[in-house]
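protein-v8.cif, holding mmCIF, C-alpha atoms:
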```
data_upload
loop_
_atom_site.label_atom_id
_atom_site.label_comp_id
_atom_site.auth_asym_id
_atom_site.auth_seq_id
_atom_site.Cartn_x
_atom_site.Cartn_y
_atom_site.Cartn_z
CA GLU A 1 40.59 0.04 6.85
CA VAL A 2 37.63 1.18 4.76
CA GLU A 3 35.17 3.87 5.73
CA VAL A 4 31.70 3.74 4.20
CA GLU A 5 29.36 6.72 4.25
CA ASP A 6 25.79 6.66 2.99
CA ALA A 7 22.37 8.03 3.84
CA TRP A 8 22.27 5.98 7.04
CA GLY A 9 25.58 7.21 8.45
CA THR A 10 29.17 6.04 8.44
CA ALA A 11 30.80 2.74 9.27
CA THR A 12 34.35 1.48 9.39
CA VAL A 13 35.34 -1.89 7.97
CA GLU A 14 38.60 -3.31 9.25
CA ALA A 15 41.12 -4.58 6.69
CA GLU A 16 40.75 -8.20 7.84
CA GLU A 17 36.96 -8.04 7.58
CA TYR A 18 37.20 -6.48 4.11
CA ALA A 19 39.71 -9.11 2.93
CA ALA A 20 37.50 -11.94 4.21
CA ALA A 21 34.31 -10.61 2.56
CA ARG A 22 32.84 -12.59 -0.30
CA PRO A 23 32.30 -10.69 -3.55
CA ASP A 24 28.69 -10.07 -4.43
CA PRO A 25 27.48 -12.89 -6.72
CA PHE A 26 26.09 -10.38 -9.23
CA VAL A 27 29.12 -8.12 -9.63
CA ALA A 28 29.93 -9.55 -13.07
CA LEU A 29 26.28 -9.75 -14.18
CA GLU A 30 24.94 -6.48 -12.78
CA GLY A 31 25.25 -4.38 -15.95
CA GLY A 32 23.45 -6.93 -18.11
CA MET A 33 20.75 -7.55 -15.52
CA LEU A 34 20.10 -3.81 -15.13
CA ALA A 35 19.95 -3.34 -18.91
CA HIS A 36 17.46 -6.21 -19.18
CA LEU A 37 15.26 -4.83 -16.39
CA ASP A 38 15.38 -1.38 -17.96
CA SER A 39 14.55 -2.50 -21.50
CA CYS A 40 12.06 -5.29 -20.78
CA HIS A 41 10.47 -4.76 -17.37
CA ARG A 42 9.74 -1.07 -16.77
CA PRO A 43 5.95 -1.61 -16.48
CA GLU A 44 6.51 -4.35 -13.90
CA LEU A 45 8.89 -2.11 -11.94
CA VAL A 46 6.31 0.70 -11.84
CA ALA A 47 3.53 -1.67 -10.76
CA MET A 48 5.77 -3.31 -8.15
CA LEU A 49 6.77 0.03 -6.60
CA ARG A 50 3.18 1.22 -6.50
CA ARG A 51 2.21 -1.90 -4.57
CA LEU A 52 5.25 -2.04 -2.26
CA ASN A 53 5.50 1.67 -1.62
CA GLY A 54 1.83 2.50 -1.29
CA MET A 55 2.25 5.06 -4.07
CA SER A 56 4.67 7.26 -2.10
CA GLY A 57 7.47 8.15 -4.45
CA VAL A 58 5.60 6.60 -7.38
CA PRO A 59 2.56 8.85 -7.79
CA GLU A 60 -0.34 8.17 -10.12
CA GLN A 61 -0.39 10.68 -12.94
CA ASP A 62 -3.47 12.42 -14.29
CA GLY A 63 -3.91 11.93 -17.99
CA GLY A 64 -2.26 8.52 -18.01
CA ASP A 65 1.38 9.64 -17.88
CA GLU A 66 3.39 6.90 -16.22
CA PRO A 67 6.32 7.53 -13.90
CA VAL A 68 9.73 6.50 -15.20
CA VAL A 69 11.46 3.85 -13.10
CA ARG A 70 15.07 3.01 -13.94
CA PRO A 71 17.17 0.33 -12.25
CA LEU A 72 20.39 1.75 -10.79
CA SER A 73 22.14 -1.10 -9.02
CA LEU A 74 21.71 -4.69 -7.93
CA ASP A 75 23.28 -6.82 -5.23
CA ARG A 76 22.48 -9.94 -3.22
CA TYR A 77 20.39 -7.90 -0.75
CA GLY A 78 18.22 -5.88 -3.13
CA MET A 79 18.21 -3.24 -5.82
CA TRP A 80 18.15 0.54 -6.12
CA LEU A 81 15.65 2.14 -8.49
CA ARG A 82 15.35 5.76 -9.61
CA CYS A 83 11.81 7.09 -10.00
CA ARG A 84 10.82 10.28 -11.76
CA THR A 85 7.38 11.42 -12.79
CA PRO A 86 7.00 13.06 -16.20
CA ARG A 87 5.41 16.13 -14.60
CA GLN A 88 7.98 16.55 -11.86
CA GLY A 89 9.57 19.39 -13.77
CA GLU A 90 12.77 20.46 -12.07
CA SER A 91 12.22 18.27 -8.99
CA ALA A 92 14.92 15.75 -8.24
CA PRO A 93 14.14 12.09 -8.90
CA VAL A 94 13.60 9.76 -5.95
CA ASP A 95 15.93 6.80 -5.39
CA LEU A 96 14.25 3.83 -3.72
CA ARG A 97 15.76 0.65 -2.31
CA VAL A 98 13.87 -2.62 -2.76
CA VAL A 99 15.22 -5.04 -0.16
CA PHE A 100 14.91 -8.74 -0.90
CA ALA A 101 13.34 -10.92 1.82
CA GLU A 102 16.64 -12.80 2.11
CA PRO A 103 20.06 -12.53 0.45
CA VAL A 104 20.19 -14.09 -3.02
CA SER A 105 23.20 -16.23 -3.89
CA ASP A 106 22.75 -17.04 -7.60
CA ILE A 107 20.88 -16.20 -10.79
CA HIS A 108 18.18 -18.81 -10.09
CA GLY A 109 17.43 -17.23 -6.73
CA LEU A 110 17.35 -13.79 -8.37
CA ARG A 111 14.83 -14.99 -10.96
CA ASP A 112 12.65 -16.35 -8.15
CA VAL A 113 12.79 -12.99 -6.33
CA TYR A 114 11.83 -11.14 -9.52
CA ARG A 115 8.95 -13.53 -10.20
CA ARG A 116 7.56 -12.98 -6.69
CA LEU A 117 8.00 -9.20 -6.83
CA PHE A 118 6.52 -8.86 -10.32
CA ALA A 119 3.67 -11.33 -9.68
CA GLY A 120 2.70 -9.36 -6.58
CA ALA A 121 2.82 -6.16 -8.61
CA HIS A 122 -0.08 -7.38 -10.75
CA SER A 123 -2.30 -8.44 -7.86
#
```

Encoded form using structure tokens:
Amino acid sequence: EVEVEDAWGTATVEAEEYAAARPDPFVALEGGMLAHLDSCHRPELVAMLRRLNGMSGVPEQDGGDEPVVRPLSLDRYGMWLRCRTPRQGESAPVDLRVVFAEPVSDIHGLRDVYRRLFAGAHS
């Protein structure tokens, strides 16, 4: 038996259900994908979050300072991003979940999701 606790509450997963679960298709690639997003796509992540989140959590900065968006984790259902504005001072960063429209099963599907999310970020 596994007990999971997160911001939405707790849940219990029975041993049989856990044993039958498929591993996430990105478990072996996650580190490399996150490093790539972080080093090559920060502007797209900022623009995407501004569009998807209506600026809440990703505020516009006076003077042109951009918020810092860092990818935290990735799975078939979406990704977690950490957002911090340069002028936030001692305030805690905000973690945001971007949920994919449908579960992604392979790298080709993930590329398609990124293309749609990033293309929409520039519109």

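If you count only C-alpha atoms and ignore residues fewer than 5 places along the chain from range 93-97 of chain A, what sits within 6 Å of it is Met79, Trp80, Leu81, Arg82, Cys83 and Arg84 of chain A.
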
* Which residue, A:Asp38, A:Arg51, A:Ala92, A:Glu102, has the smallest gap to Val69 in chain A when you use all atoms listed in the file? -> A:Asp38

* Find the distance between CA of Arg116 in chain A and CA of Leu45 in chain A and write it in Å to one decimal. => 12.1 Å

* Asked: Residues picked by the PyMOL selection byres ((chain A and resi 11-28) around 10) here, as a PyMOL selection string?
  -> chain A and resi 1-6+8-10+29-33+73-77+104-107+110

Given 8 Å of margin on each side, can you work out the centre and size in Å (one decimal) of an axis-aligned box holding every listed atom of range 20-29 of chain A, as JSON?
```
{"center_x": 31.8, "center_y": -10.5, "center_z": -5.0, "size_x": 27.4, "size_y": 20.8, "size_z": 34.4}
```

* To do: May I ask for the distance between CA of Ala35 in chain A and CA of Phe118 in chain A, given in Å to one decimal place?
  => 16.9 Å
